[in-house]
$ cat data30.txt   # compact mmCIF, C-alpha atoms and all ligand atoms
# COMPACT_ATOMS: atom_id res chain seq x y z
CA MET A 1 153.09 174.19 -40.41
CA SER A 2 151.45 177.58 -39.98
CA VAL A 3 147.96 178.36 -41.26
CA ARG A 4 147.87 180.31 -44.50
CA GLN A 5 147.28 184.01 -44.04
CA ASP A 6 146.73 186.78 -46.57
CA TRP A 7 146.82 190.55 -46.34
CA ILE A 8 144.76 193.19 -48.09
CA ALA A 9 146.81 196.34 -48.46
CA ALA A 10 146.01 199.67 -50.08
CA ARG A 11 147.12 203.25 -50.26
CA GLY A 12 147.29 204.70 -46.74
CA GLY A 13 148.50 208.04 -45.48
CA PRO A 14 151.99 209.50 -45.29
CA LEU A 15 154.32 207.68 -42.89
CA ARG A 16 154.96 209.84 -39.86
CA GLY A 17 156.21 209.60 -36.30
CA GLU A 18 158.86 207.36 -34.72
CA LEU A 19 159.30 203.61 -34.93
CA LEU A 20 161.56 201.10 -33.24
CA VAL A 21 161.70 197.89 -35.26
CA PRO A 22 162.55 194.53 -33.61
CA GLY A 23 166.04 193.23 -32.90
CA ASP A 24 168.50 192.04 -35.52
CA LYS A 25 167.94 188.46 -36.67
CA SER A 26 171.58 187.65 -37.46
CA VAL A 27 172.78 188.95 -34.09
CA SER A 28 169.97 187.22 -32.16
CA HIS A 29 170.76 183.79 -33.67
CA ARG A 30 174.44 184.14 -32.89
CA ALA A 31 173.88 185.42 -29.35
CA ILE A 32 171.95 182.24 -28.49
CA MET A 33 174.48 179.95 -30.19
CA PHE A 34 177.59 181.53 -28.70
CA GLY A 35 175.95 181.97 -25.28
CA ALA A 36 175.11 178.25 -25.34
CA ILE A 37 178.70 177.10 -25.87
CA ALA A 38 180.25 179.75 -23.62
CA GLU A 39 181.29 179.34 -20.01
CA GLY A 40 178.94 181.33 -17.78
CA SER A 41 175.62 183.08 -18.33
CA THR A 42 174.90 185.44 -21.21
CA ARG A 43 172.11 188.00 -21.00
CA ILE A 44 170.64 189.02 -24.33
CA ASP A 45 168.62 192.25 -24.56
CA GLY A 46 166.66 193.20 -27.66
CA PHE A 47 166.42 189.53 -28.74
CA LEU A 48 164.25 189.13 -31.84
CA GLU A 49 161.05 187.33 -30.80
CA GLY A 50 160.71 185.88 -34.30
CA GLU A 51 160.02 182.29 -35.29
CA ASP A 52 163.51 181.88 -36.78
CA THR A 53 165.42 182.98 -33.70
CA ARG A 54 163.04 181.16 -31.36
CA ALA A 55 163.73 177.99 -33.36
CA THR A 56 167.44 178.43 -32.61
CA ALA A 57 166.72 178.86 -28.89
CA ALA A 58 164.46 175.78 -28.89
CA ILE A 59 167.21 173.71 -30.52
CA PHE A 60 169.75 174.63 -27.84
CA ARG A 61 167.21 173.74 -25.15
CA GLN A 62 166.95 170.31 -26.83
CA LEU A 63 170.75 170.13 -26.66
CA GLY A 64 170.62 170.59 -22.89
CA VAL A 65 171.12 174.35 -22.54
CA ARG A 66 168.98 176.20 -19.99
CA ILE A 67 167.61 179.39 -21.54
CA GLU A 68 165.40 181.68 -19.50
CA ALA A 69 163.00 184.17 -21.06
CA PRO A 70 162.19 186.51 -18.15
CA SER A 71 160.48 189.05 -20.43
CA ASP A 72 159.86 189.86 -24.06
CA GLY A 73 163.14 190.43 -25.89
CA VAL A 74 165.28 189.11 -23.04
CA ARG A 75 167.03 185.75 -22.83
CA ILE A 76 169.46 184.44 -20.27
CA VAL A 77 171.52 181.63 -21.73
CA HIS A 78 173.30 179.40 -19.22
CA GLY A 79 176.29 178.30 -21.25
CA VAL A 80 177.52 174.71 -21.06
CA GLY A 81 180.99 175.32 -22.51
CA LEU A 82 182.50 174.24 -25.83
CA HIS A 83 181.99 170.52 -25.09
CA GLY A 84 178.90 170.59 -22.87
CA LEU A 85 176.06 170.16 -25.40
CA GLN A 86 174.06 166.96 -24.89
CA PRO A 87 172.73 164.66 -27.62
CA THR A 88 169.04 164.41 -28.26
CA GLY A 89 167.27 161.60 -30.07
CA GLU A 90 164.94 164.08 -31.77
CA ALA A 91 165.40 166.05 -34.96
CA LEU A 92 166.41 169.70 -34.54
CA ASP A 93 163.86 171.84 -36.37
CA CYS A 94 165.26 175.05 -37.90
CA GLY A 95 161.85 176.01 -39.34
CA ASN A 96 162.39 178.61 -42.08
CA ALA A 97 165.82 179.71 -40.84
CA GLY A 98 168.76 179.25 -43.21
CA THR A 99 171.06 180.96 -40.72
CA ALA A 100 170.14 178.44 -38.01
CA MET A 101 170.64 175.44 -40.28
CA ARG A 102 173.92 176.50 -41.86
CA LEU A 103 175.60 177.77 -38.69
CA LEU A 104 174.40 174.75 -36.70
CA THR A 105 175.78 172.37 -39.30
CA GLY A 106 179.23 173.81 -38.59
CA LEU A 107 178.76 173.80 -34.83
CA LEU A 108 177.33 170.28 -34.67
CA ALA A 109 180.02 168.84 -36.93
CA GLY A 110 182.40 169.32 -34.00
CA GLN A 111 180.33 167.48 -31.35
CA ARG A 112 180.83 163.96 -29.98
CA PHE A 113 177.27 162.98 -30.97
CA ASP A 114 175.13 162.72 -34.10
CA SER A 115 172.38 165.25 -34.89
CA THR A 116 169.62 165.60 -37.45
CA LEU A 117 168.67 169.05 -38.77
CA VAL A 118 165.32 169.54 -40.46
CA GLY A 119 163.47 172.58 -41.80
CA ASP A 120 160.22 173.66 -43.40
CA GLU A 121 159.34 173.19 -47.07
CA SER A 122 161.26 176.29 -48.20
CA LEU A 123 164.37 175.54 -46.13
CA SER A 124 164.34 171.92 -47.32
CA LYS A 125 164.85 173.18 -50.87
CA ARG A 126 167.74 175.51 -50.13
CA PRO A 127 171.32 174.59 -51.06
CA MET A 128 173.34 173.04 -48.24
CA ARG A 129 176.27 171.67 -50.27
CA ARG A 130 177.85 175.08 -49.85
CA VAL A 131 178.40 174.23 -46.16
CA ILE A 132 178.72 170.46 -46.50
CA GLU A 133 181.70 170.74 -48.87
CA PRO A 134 184.04 172.89 -46.77
CA LEU A 135 183.01 171.09 -43.57
CA SER A 136 183.73 167.72 -45.20
CA SER A 137 187.18 168.91 -46.16
CA MET A 138 187.69 169.68 -42.45
CA GLY A 139 186.91 166.02 -41.70
CA ALA A 140 183.17 166.30 -40.97
CA ARG A 141 180.64 163.75 -42.18
CA ILE A 142 177.27 165.11 -43.19
CA ASP A 143 174.57 163.20 -45.08
CA SER A 144 171.95 165.16 -46.96
CA ASN A 145 169.00 164.67 -49.23
CA ASP A 146 170.83 165.39 -52.49
CA GLY A 147 172.47 168.51 -51.08
CA ALA A 148 169.46 169.67 -49.07
CA ALA A 149 167.88 169.09 -45.65
CA PRO A 150 167.28 166.90 -43.73
CA LEU A 151 170.95 166.85 -42.74
CA GLN A 152 172.52 164.09 -40.68
CA VAL A 153 175.53 165.59 -38.97
CA HIS A 154 177.78 162.83 -37.64
CA GLY A 155 179.67 163.51 -34.45
CA GLY A 156 182.85 162.09 -32.99
CA ARG A 157 184.95 163.21 -35.96
CA ALA A 158 188.38 164.73 -35.57
CA LEU A 159 188.20 168.04 -37.44
CA HIS A 160 191.22 169.90 -38.76
CA GLY A 161 191.50 173.54 -39.76
CA ILE A 162 191.40 174.61 -43.41
CA ASP A 163 192.24 177.64 -45.48
CA TYR A 164 189.04 178.13 -47.44
CA ALA A 165 188.22 180.56 -50.23
CA LEU A 166 184.43 180.94 -50.39
CA PRO A 167 183.02 180.41 -53.89
CA VAL A 168 180.13 182.81 -53.09
CA ALA A 169 179.98 185.77 -50.73
CA SER A 170 178.01 184.27 -47.84
CA ALA A 171 178.21 185.06 -44.14
CA GLN A 172 176.40 181.83 -43.38
CA ILE A 173 179.04 179.65 -45.05
CA LYS A 174 181.84 181.70 -43.51
CA SER A 175 180.26 181.33 -40.08
CA ALA A 176 179.67 177.58 -40.43
CA VAL A 177 183.36 177.06 -41.25
CA LEU A 178 184.51 179.30 -38.39
CA LEU A 179 182.26 177.49 -35.89
CA ALA A 180 183.59 174.12 -37.01
CA GLY A 181 187.03 175.74 -36.77
CA LEU A 182 186.48 176.25 -33.04
CA TYR A 183 186.38 172.45 -32.72
CA ALA A 184 189.18 171.78 -35.20
CA GLN A 185 192.83 171.16 -34.69
CA GLY A 186 195.01 174.01 -35.91
CA GLU A 187 194.03 177.18 -37.67
CA THR A 188 190.98 177.86 -39.84
CA VAL A 189 191.11 180.66 -42.39
CA VAL A 190 188.17 181.89 -44.46
CA ARG A 191 188.61 184.18 -47.47
CA GLU A 192 185.62 185.88 -49.10
CA PRO A 193 185.23 187.05 -52.70
CA HIS A 194 183.51 190.15 -51.26
CA PRO A 195 183.24 191.03 -47.56
CA THR A 196 179.99 189.91 -45.90
CA ARG A 197 178.42 190.68 -42.52
CA ASP A 198 180.97 190.05 -39.78
CA TYR A 199 178.77 189.42 -36.74
CA THR A 200 180.31 186.00 -36.10
CA GLU A 201 183.80 187.47 -36.00
CA ARG A 202 182.80 190.47 -33.86
CA MET A 203 180.77 188.42 -31.45
CA LEU A 204 183.30 185.59 -31.06
CA SER A 205 185.82 188.27 -30.23
CA ALA A 206 183.40 189.76 -27.63
CA PHE A 207 183.12 186.22 -26.17
CA GLY A 208 186.88 186.23 -25.67
CA VAL A 209 187.94 184.18 -28.69
CA GLU A 210 191.16 185.27 -30.36
CA ILE A 211 190.07 185.80 -33.93
CA ALA A 212 191.84 187.96 -36.48
CA PHE A 213 189.54 189.54 -39.02
CA SER A 214 189.41 192.26 -41.59
CA PRO A 215 186.96 192.78 -44.46
CA GLY A 216 187.05 189.60 -46.52
CA LEU A 217 189.26 187.55 -44.18
CA ALA A 218 188.87 185.72 -40.85
CA ARG A 219 191.27 183.44 -39.01
CA LEU A 220 190.99 181.54 -35.72
CA ARG A 221 192.67 178.71 -33.84
CA GLY A 222 190.63 175.72 -32.67
CA GLY A 223 190.01 174.72 -29.07
CA GLN A 224 189.43 178.19 -27.64
CA ALA A 225 186.86 178.58 -24.88
CA LEU A 226 184.14 181.24 -25.10
CA ARG A 227 183.51 183.43 -22.03
CA ALA A 228 179.93 184.57 -21.48
CA THR A 229 179.22 188.21 -22.12
CA ASP A 230 176.08 190.30 -22.36
CA VAL A 231 174.71 191.08 -25.81
CA SER A 232 172.58 194.11 -26.64
CA VAL A 233 170.91 193.54 -30.02
CA PRO A 234 170.38 196.59 -32.25
CA ALA A 235 167.21 197.05 -34.33
CA ASP A 236 167.36 195.05 -37.56
CA PHE A 237 168.35 197.17 -40.57
CA SER A 238 166.58 194.69 -42.86
CA SER A 239 163.29 195.22 -41.01
CA ALA A 240 163.78 198.99 -41.01
CA ALA A 241 164.37 198.79 -44.78
CA PHE A 242 160.67 198.37 -45.57
CA PHE A 243 159.83 201.56 -43.70
CA ILE A 244 162.79 203.41 -45.21
CA VAL A 245 161.47 202.61 -48.69
CA ALA A 246 157.83 203.29 -47.78
CA ALA A 247 158.62 206.71 -46.28
CA SER A 248 160.80 207.59 -49.28
CA LEU A 249 158.00 206.73 -51.69
CA VAL A 250 154.82 208.03 -50.04
CA PRO A 251 154.39 211.81 -50.50
CA GLY A 252 154.21 213.80 -47.29
CA SER A 253 156.14 211.21 -45.22
CA GLU A 254 158.67 211.99 -42.55
CA LEU A 255 159.55 209.00 -40.39
CA LEU A 256 162.17 208.50 -37.71
CA LEU A 257 163.48 204.95 -37.31
CA ARG A 258 165.20 204.62 -33.96
CA ARG A 259 168.44 202.85 -32.99
CA VAL A 260 168.89 200.99 -36.28
CA GLY A 261 171.92 198.67 -36.61
CA MET A 262 174.31 200.33 -39.07
CA ASN A 263 176.93 197.64 -39.60
CA PRO A 264 178.48 198.70 -42.94
CA ARG A 265 178.02 195.17 -44.31
CA ARG A 266 174.25 195.66 -43.96
CA THR A 267 173.58 199.21 -45.12
CA GLY A 268 174.11 198.93 -48.89
CA LEU A 269 170.48 199.92 -49.44
CA LEU A 270 171.12 203.36 -47.95
CA HIS A 271 173.85 204.08 -50.49
CA VAL A 272 171.71 202.85 -53.35
CA LEU A 273 168.57 204.74 -52.30
CA ARG A 274 170.62 207.91 -51.91
CA LEU A 275 171.99 207.41 -55.43
CA MET A 276 168.33 207.23 -56.53
CA GLY A 277 167.59 210.55 -54.79
CA ALA A 278 166.32 209.47 -51.37
CA GLU A 279 166.54 211.82 -48.41
CA ILE A 280 167.78 209.82 -45.45
CA VAL A 281 169.63 211.51 -42.61
CA GLU A 282 171.55 209.66 -39.89
CA GLU A 283 171.13 211.19 -36.43
CA ASN A 284 172.48 210.32 -32.97
CA ALA A 285 175.10 207.94 -34.34
CA GLY A 286 176.41 205.76 -31.52
CA GLU A 287 177.21 202.22 -30.52
CA GLN A 288 175.14 199.43 -29.05
CA GLY A 289 176.66 196.11 -28.04
CA GLY A 290 179.75 196.82 -30.13
CA GLU A 291 177.69 197.59 -33.24
CA PRO A 292 177.21 201.02 -34.84
CA VAL A 293 173.62 202.30 -34.53
CA ALA A 294 171.85 205.49 -35.62
CA ASP A 295 168.40 207.01 -35.84
CA LEU A 296 167.35 207.32 -39.48
CA ARG A 297 165.16 210.24 -40.51
CA VAL A 298 163.52 209.52 -43.85
CA ARG A 299 161.60 212.14 -45.84
CA HIS A 300 159.68 211.56 -49.03
CA ALA A 301 161.71 212.36 -52.15
CA PRO A 302 161.20 211.50 -55.81
CA LEU A 303 163.44 208.61 -56.88
CA SER A 304 165.14 207.95 -60.22
CA GLY A 305 166.22 204.61 -61.63
CA ILE A 306 169.93 203.72 -61.57
CA GLU A 307 172.30 200.87 -62.29
CA VAL A 308 172.82 199.36 -58.86
CA PRO A 309 176.59 199.21 -58.31
CA VAL A 310 177.51 195.51 -58.10
CA ALA A 311 179.89 196.26 -55.22
CA HIS A 312 176.90 197.11 -53.00
CA VAL A 313 175.04 193.85 -53.70
CA PRO A 314 176.39 191.74 -50.77
CA ASP A 315 175.82 194.67 -48.39
CA MET A 316 172.13 194.74 -49.26
CA ILE A 317 171.49 191.09 -50.07
CA ASP A 318 168.31 190.93 -47.94
CA GLU A 319 167.01 194.29 -49.18
CA PHE A 320 166.28 193.51 -52.84
CA PRO A 321 162.54 192.92 -52.37
CA ALA A 322 162.30 196.43 -50.89
CA LEU A 323 164.62 197.85 -53.55
CA PHE A 324 162.52 196.32 -56.36
CA VAL A 325 159.53 198.26 -54.99
CA ALA A 326 161.53 201.49 -54.84
CA ALA A 327 162.62 200.84 -58.44
CA ALA A 328 159.02 200.20 -59.54
CA CYS A 329 158.08 203.66 -58.23
CA ALA A 330 161.18 205.47 -59.54
CA SER A 331 161.28 207.34 -62.82
CA GLY A 332 163.17 205.38 -65.45
CA ALA A 333 164.76 201.95 -65.25
CA THR A 334 166.74 200.36 -62.43
CA VAL A 335 169.21 197.64 -63.37
CA VAL A 336 170.26 194.94 -60.88
CA ARG A 337 173.16 192.64 -61.75
CA GLY A 338 175.44 190.27 -59.87
CA ALA A 339 172.65 189.16 -57.54
CA ALA A 340 172.17 185.47 -58.48
CA GLU A 341 172.16 184.61 -54.76
CA LEU A 342 168.64 186.06 -54.65
CA ARG A 343 167.46 182.94 -56.44
CA VAL A 344 168.30 180.73 -53.42
CA LYS A 345 166.83 182.78 -50.60
CA GLU A 346 163.55 181.96 -48.79
CA SER A 347 162.08 182.07 -52.29
CA ASP A 348 163.57 182.84 -55.70
CA ARG A 349 163.40 186.55 -54.98
CA ILE A 350 164.08 187.67 -58.55
CA ALA A 351 161.20 185.56 -59.88
CA THR A 352 158.73 186.23 -57.05
CA MET A 353 159.30 190.00 -57.17
CA ALA A 354 159.18 190.11 -60.98
CA THR A 355 155.94 188.11 -61.11
CA GLY A 356 154.29 190.16 -58.37
CA LEU A 357 155.32 193.53 -59.79
CA ARG A 358 154.09 192.50 -63.25
CA ALA A 359 150.72 191.57 -61.68
CA LEU A 360 150.57 195.18 -60.45
CA GLY A 361 151.37 196.64 -63.87
CA ILE A 362 155.15 197.10 -63.76
CA VAL A 363 157.43 195.96 -66.59
CA VAL A 364 160.29 193.79 -65.30
CA ASP A 365 162.90 192.07 -67.47
CA GLU A 366 164.42 189.16 -65.61
CA THR A 367 168.01 188.00 -66.09
CA PRO A 368 169.75 185.04 -64.44
CA ASP A 369 171.50 187.31 -61.92
CA GLY A 370 169.15 190.26 -61.62
CA ALA A 371 166.48 192.27 -63.39
CA THR A 372 165.68 195.56 -65.04
CA ILE A 373 162.69 197.18 -63.37
CA HIS A 374 160.94 199.88 -65.39
CA GLY A 375 159.38 202.45 -63.07
CA GLY A 376 155.68 203.05 -63.71
CA ALA A 377 152.23 203.28 -62.18
CA LEU A 378 151.29 200.56 -59.68
CA HIS A 379 147.78 199.16 -59.91
CA GLY A 380 145.76 196.96 -57.60
CA GLY A 381 145.91 193.19 -58.03
CA ALA A 382 146.82 189.91 -56.41
CA VAL A 383 150.38 188.81 -55.63
CA GLU A 384 151.91 185.74 -53.96
CA SER A 385 154.71 185.94 -51.45
CA HIS A 386 155.38 182.18 -51.67
CA GLY A 387 155.83 182.09 -47.92
CA ASP A 388 158.75 184.53 -48.13
CA HIS A 389 158.56 187.10 -45.31
CA ARG A 390 160.46 189.82 -47.13
CA ILE A 391 158.38 189.47 -50.32
CA ALA A 392 155.17 189.88 -48.29
CA MET A 393 156.46 193.04 -46.57
CA ALA A 394 157.78 194.47 -49.83
CA PHE A 395 154.34 194.17 -51.46
CA ALA A 396 152.68 195.74 -48.42
CA VAL A 397 154.89 198.75 -49.18
CA ALA A 398 154.11 198.60 -52.92
CA ALA A 399 150.37 198.69 -52.11
CA GLN A 400 150.83 202.11 -50.47
CA LEU A 401 151.54 203.48 -53.95
CA ALA A 402 148.95 201.46 -55.89
CA ASP A 403 145.71 202.90 -57.27
CA GLY A 404 143.72 199.88 -56.05
CA GLU A 405 143.69 197.16 -53.44
CA VAL A 406 146.51 194.62 -53.38
CA ARG A 407 145.86 191.11 -52.04
CA ILE A 408 149.09 189.58 -50.77
CA GLY A 409 148.98 185.80 -50.42
CA ASP A 410 150.80 183.56 -47.94
CA VAL A 411 152.15 186.08 -45.46
CA ALA A 412 152.30 184.02 -42.23
CA ASN A 413 156.10 183.76 -42.46
CA VAL A 414 156.47 187.48 -41.77
CA ALA A 415 156.53 186.25 -38.16
CA THR A 416 159.89 184.55 -38.85
CA SER A 417 161.72 187.88 -38.90
CA PHE A 418 159.28 190.68 -38.09
CA PRO A 419 156.45 189.76 -35.75
CA GLY A 420 154.07 192.71 -35.46
CA PHE A 421 155.03 194.24 -38.80
CA ASP A 422 151.39 194.85 -39.76
CA GLY A 423 150.63 196.64 -36.48
CA LEU A 424 153.68 198.89 -36.76
CA ALA A 425 152.90 199.57 -40.41
CA ARG A 426 149.44 200.79 -39.43
CA VAL A 427 150.88 202.95 -36.64
CA ALA A 428 153.20 204.53 -39.23
CA GLY A 429 150.27 205.32 -41.55
CA MET A 430 150.14 202.37 -43.94
CA GLN A 431 146.91 200.59 -44.80
CA LEU A 432 147.25 196.85 -44.23
CA ASP A 433 144.70 194.36 -42.92
CA ALA A 434 144.23 190.62 -42.61
CA GLY A 435 142.67 189.32 -45.80
C1 LIG A 501 172.80 185.88 -42.87
C2 LIG A 501 173.50 185.87 -44.05
C3 LIG A 501 172.87 186.08 -45.37
C4 LIG A 501 171.48 186.70 -45.24
C5 LIG A 501 170.65 186.04 -44.17
C6 LIG A 501 171.34 186.12 -42.81
C7 LIG A 501 173.52 185.64 -41.61
O1 LIG A 501 172.75 184.84 -46.03
O2 LIG A 501 170.79 186.64 -46.46
O3 LIG A 501 169.38 186.64 -44.06
O4 LIG A 501 172.96 185.88 -40.51
O5 LIG A 501 174.70 185.22 -41.67
P1 LIG A 501 173.93 184.24 -46.97
O6 LIG A 501 175.08 183.93 -46.12
O7 LIG A 501 173.31 183.01 -47.59
O8 LIG A 501 174.21 185.32 -47.98
$ encode --input "data30.txt" --output "structure tokens"
Amino acid sequence: MSVRQDWIAARGGPLRGELLVPGDKSVSHRAIMFGAIAEGSTRIDGFLEGEDTRATAAIFRQLGVRIEAPSDGVRIVHGVGLHGLQPTGEALDCGNAGTAMRLLTGLLAGQRFDSTLVGDESLSKRPMRRVIEPLSSMGARIDSNDGAAPLQVHGGRALHGIDYALPVASAQIKSAVLLAGLYAQGETVVREPHPTRDYTERMLSAFGVEIAFSPGLARLRGGQALRATDVSVPADFSSAAFFIVAASLVPGSELLLRRVGMNPRRTGLLHVLRLMGAEIVEENAGEQGGEPVADLRVRHAPLSGIEVPVAHVPDMIDEFPALFVAAACASGATVVRGAAELRVKESDRIATMATGLRALGIVVDETPDGATIHGGALHGGAVESHGDHRIAMAFAVAAQLADGEVRIGDVANVATSFPGFDGLARVAGMQLDAG
């Protein structure tokens, strides 16, 4: 368990200059996993050196995969093939990472051996039935603690493909089913109520797997080998999001965020901020490792509250803490609906954001699946991030607009997704110190 850390943040200067944020978390997790079960060696560049993605790498080392780390942000994964993972008597610790735990549950359900997946306090409270149920209907056997971790994934089961309609839009559930599908007899089909990030489908295809996919649908045949390939990880849009919002809000800002991953299933926040009046220009659009990337130039602009279109919600599911801050600083009210999934993230993000914003003087009406945030003046005060990395970073941004100091409690988990956030924030012009 990490030592508790706090931040003291306050109004800094305008955000200016150029920033390159760390590599994408979703892509980094998958690059390790798919490299591990591929034939041959996979080089990963731009790997996120975060606690979550390092936990995934550590787990595959426990499962007998050699992974070299020749320099920061680089991994060479020596794949052992679809059936080459080795059992370990020890528990596999996913730390804070829901992506690691859910995807690994699918992958491990297809092995010859038993595995135990554990996580930290937050991860041990998150719902796992959503993966256990479809995997069980494929023939897997998974024991849980009343639907939560620790998970005992039993091996040696004969899995069969299913045609599964996801009850919630979740890339993690989709990916768990597809990974089990690689080990299953016959075809596995996943249908989504709304398209979610498609990194698993894109990357399996880059690893030579025949997988048919289109927004909302993915289909693969079991038993296919993965062929190693190199992966170049783009900068994480969700990490860039905090700086996009900060530069939009702080007068005098003009910030360039370089080489940001622009997968359309991730960039919902851009559409919503533009609807609110933000000035964000995409420059140098290109491709990196099969993913669209662009430089984002963000200039300060006054924002107005809106009703967030429900259709954008899955495409910005990790960006609501940042959006709540933008809404708090906008004129008028912003209404969020159709976002009940926020209640089962690293914290209950509707409740933690509402409580924190209220502590800083903002009126927030909570609903079961969203909130109405009434834009107003932010004051100094004390907020709790409840160990949720994105809540901590969102309040660091909020503090840049507050008329007093903001103490942000329990921020150590920022290192799960964005190590070095505080340093970069200071380089950009924000005021943020250890508390
Ligand atoms: C992720 C999917 C999303 C997202 C998470 C990463 C992934 O979770 O919130 O940060 O890499 O597949 P859900 O599938 O639970 O929506």
$ residues_near_point --input "data30.txt" --point "(145.2, 205.7, -50.7)" --cutoff "10 Å" --atoms "all atoms listed in the file" --output "VMD selection string"
chain A and resid 9 to 14 250 399 to 405 430 to 431
$ write_last_selection --input "data30.txt" --atoms "C-alpha atoms" --output "PDB file, keeping the file's coordinate frame"
ATOM      1  CA  ALA A   9     146.810 196.340 -48.460  1.00  0.00           C
ATOM      2  CA  ALA A  10     146.010 199.670 -50.080  1.00  0.00           C
ATOM      3  CA  ARG A  11     147.120 203.250 -50.260  1.00  0.00           C
ATOM      4  CA  GLY A  12     147.290 204.700 -46.740  1.00  0.00           C
ATOM      5  CA  GLY A  13     148.500 208.040 -45.480  1.00  0.00           C
ATOM      6  CA  PRO A  14     151.990 209.500 -45.290  1.00  0.00           C
ATOM      7  CA  VAL A 250     154.820 208.030 -50.040  1.00  0.00           C
ATOM      8  CA  ALA A 399     150.370 198.690 -52.110  1.00  0.00           C
ATOM      9  CA  GLN A 400     150.830 202.110 -50.470  1.00  0.00           C
ATOM     10  CA  LEU A 401     151.540 203.480 -53.950  1.00  0.00           C
ATOM     11  CA  ALA A 402     148.950 201.460 -55.890  1.00  0.00           C
ATOM     12  CA  ASP A 403     145.710 202.900 -57.270  1.00  0.00           C
ATOM     13  CA  GLY A 404     143.720 199.880 -56.050  1.00  0.00           C
ATOM     14  CA  GLU A 405     143.690 197.160 -53.440  1.00  0.00           C
ATOM     15  CA  MET A 430     150.140 202.370 -43.940  1.00  0.00           C
ATOM     16  CA  GLN A 431     146.910 200.590 -44.800  1.00  0.00           C
TER      17      GLN A 431
END
$ residues_around --input "data30.txt" --residues "Met353 in chain A" --least-positions-apart "2" --cutoff "10 Å" --atoms "all atoms listed in the file" --output "list of chain:residue names"
A:Phe320, A:Pro321, A:Ala322, A:Phe324, A:Val325, A:Ser347, A:Asp348, A:Arg349, A:Ile350, A:Ala351, A:Thr355, A:Gly356, A:Leu357, A:Arg358, A:Ala359, A:Val364, A:Glu366, A:Ala371, A:Val383, A:Glu384, A:Ser385, A:Ile391, A:Ala392, A:Ala394, A:Phe395
$ closest_residue --input "data30.txt" --among "A:His160, A:Glu133, A:Ala55, A:Val293" --to "Val118 in chain A" --atoms "all atoms listed in the file"
A:Ala55
$ residues_near_ligand --input "data30.txt" --ligand "ligand LIG 501 (chain A)" --cutoff "6 Å" --atoms "only C-alpha atoms and all ligand atoms" --output "number ranges by chain"
A: 26, 99, 170-173, 317-318
$ closest_residue --input "data30.txt" --among "A:Ala333, A:Ala176, A:Leu123, A:Ile362" --to "Met138 in chain A" --atoms "all atoms listed in the file"
A:Ala176
$ closest_residue --input "data30.txt" --among "A:Ala415, A:Met276, A:Ala396, A:Val231" --to "Asp433 in chain A" --atoms "only C-alpha atoms"
A:Ala396
$ residues_near_point --input "data30.txt" --point "(164.7, 202.1, -43.7)" --cutoff "8 Å" --atoms "only C-alpha atoms" --output "number ranges by chain"
A: 237-245, 257, 270, 296, 298
$ residues_around --input "data30.txt" --residues "Leu166 in chain A" --least-positions-apart "2" --cutoff "12 Å" --atoms "only C-alpha atoms" --output "list in words"
Arg130, Val131, Glu133, Pro134, Ile162, Asp163, Tyr164, Val168, Ala169, Ser170, Ala171, Gln172, Ile173, Lys174, Ser175, Ala176, Val177, Val189, Val190, Arg191, Glu192, Pro193, His194, Pro195, Thr196, Gly216, Leu217 and Ala218 of chain A
$ write_last_selection --input "data30.txt" --atoms "C-alpha atoms" --output "tab-separated table (two decimals), in the frame of the given file"
chain	number	residue	atom	x	y	z
A	130	ARG	CA	177.85	175.08	-49.85
A	131	VAL	CA	178.40	174.23	-46.16
A	133	GLU	CA	181.70	170.74	-48.87
A	134	PRO	CA	184.04	172.89	-46.77
A	162	ILE	CA	191.40	174.61	-43.41
A	163	ASP	CA	192.24	177.64	-45.48
A	164	TYR	CA	189.04	178.13	-47.44
A	168	VAL	CA	180.13	182.81	-53.09
A	169	ALA	CA	179.98	185.77	-50.73
A	170	SER	CA	178.01	184.27	-47.84
A	171	ALA	CA	178.21	185.06	-44.14
A	172	GLN	CA	176.40	181.83	-43.38
A	173	ILE	CA	179.04	179.65	-45.05
A	174	LYS	CA	181.84	181.70	-43.51
A	175	SER	CA	180.26	181.33	-40.08
A	176	ALA	CA	179.67	177.58	-40.43
A	177	VAL	CA	183.36	177.06	-41.25
A	189	VAL	CA	191.11	180.66	-42.39
A	190	VAL	CA	188.17	181.89	-44.46
A	191	ARG	CA	188.61	184.18	-47.47
A	192	GLU	CA	185.62	185.88	-49.10
A	193	PRO	CA	185.23	187.05	-52.70
A	194	HIS	CA	183.51	190.15	-51.26
A	195	PRO	CA	183.24	191.03	-47.56
A	196	THR	CA	179.99	189.91	-45.90
A	216	GLY	CA	187.05	189.60	-46.52
A	217	LEU	CA	189.26	187.55	-44.18
A	218	ALA	CA	188.87	185.72	-40.85
$ closest_residue --input "data30.txt" --among "A:Leu179, A:Met393, A:Val308, A:Leu342" --to "Asp422 in chain A" --atoms "all atoms listed in the file"
A:Met393
$ closest_residue --input "data30.txt" --among "A:Ser124, A:Ala434, A:Ser248, A:Gly370" --to "Asp146 in chain A" --atoms "only C-alpha atoms"
A:Ser124
$ residues_around --input "data30.txt" --residues "Ala100 in chain A" --least-positions-apart "4" --cutoff "7 Å" --atoms "only C-alpha atoms" --output "PyMOL selection string"
chain A and resi 29+56+94+104
$ residues_around --input "data30.txt" --residues "Ala228 in chain A" --least-positions-apart "3" --cutoff "9 Å" --atoms "only C-alpha atoms" --output "ChimeraX atom specification"
/A:34-43,77-79,206-208
$ atom_distance --input "data30.txt" --atom1 "CA of Gly139 in chain A" --atom2 "CA of Val344 in chain A"
26.5 Å
$ atom_distance --input "data30.txt" --atom1 "CA of Thr334 in chain A" --atom2 "CA of Ile306 in chain A"
4.7 Å
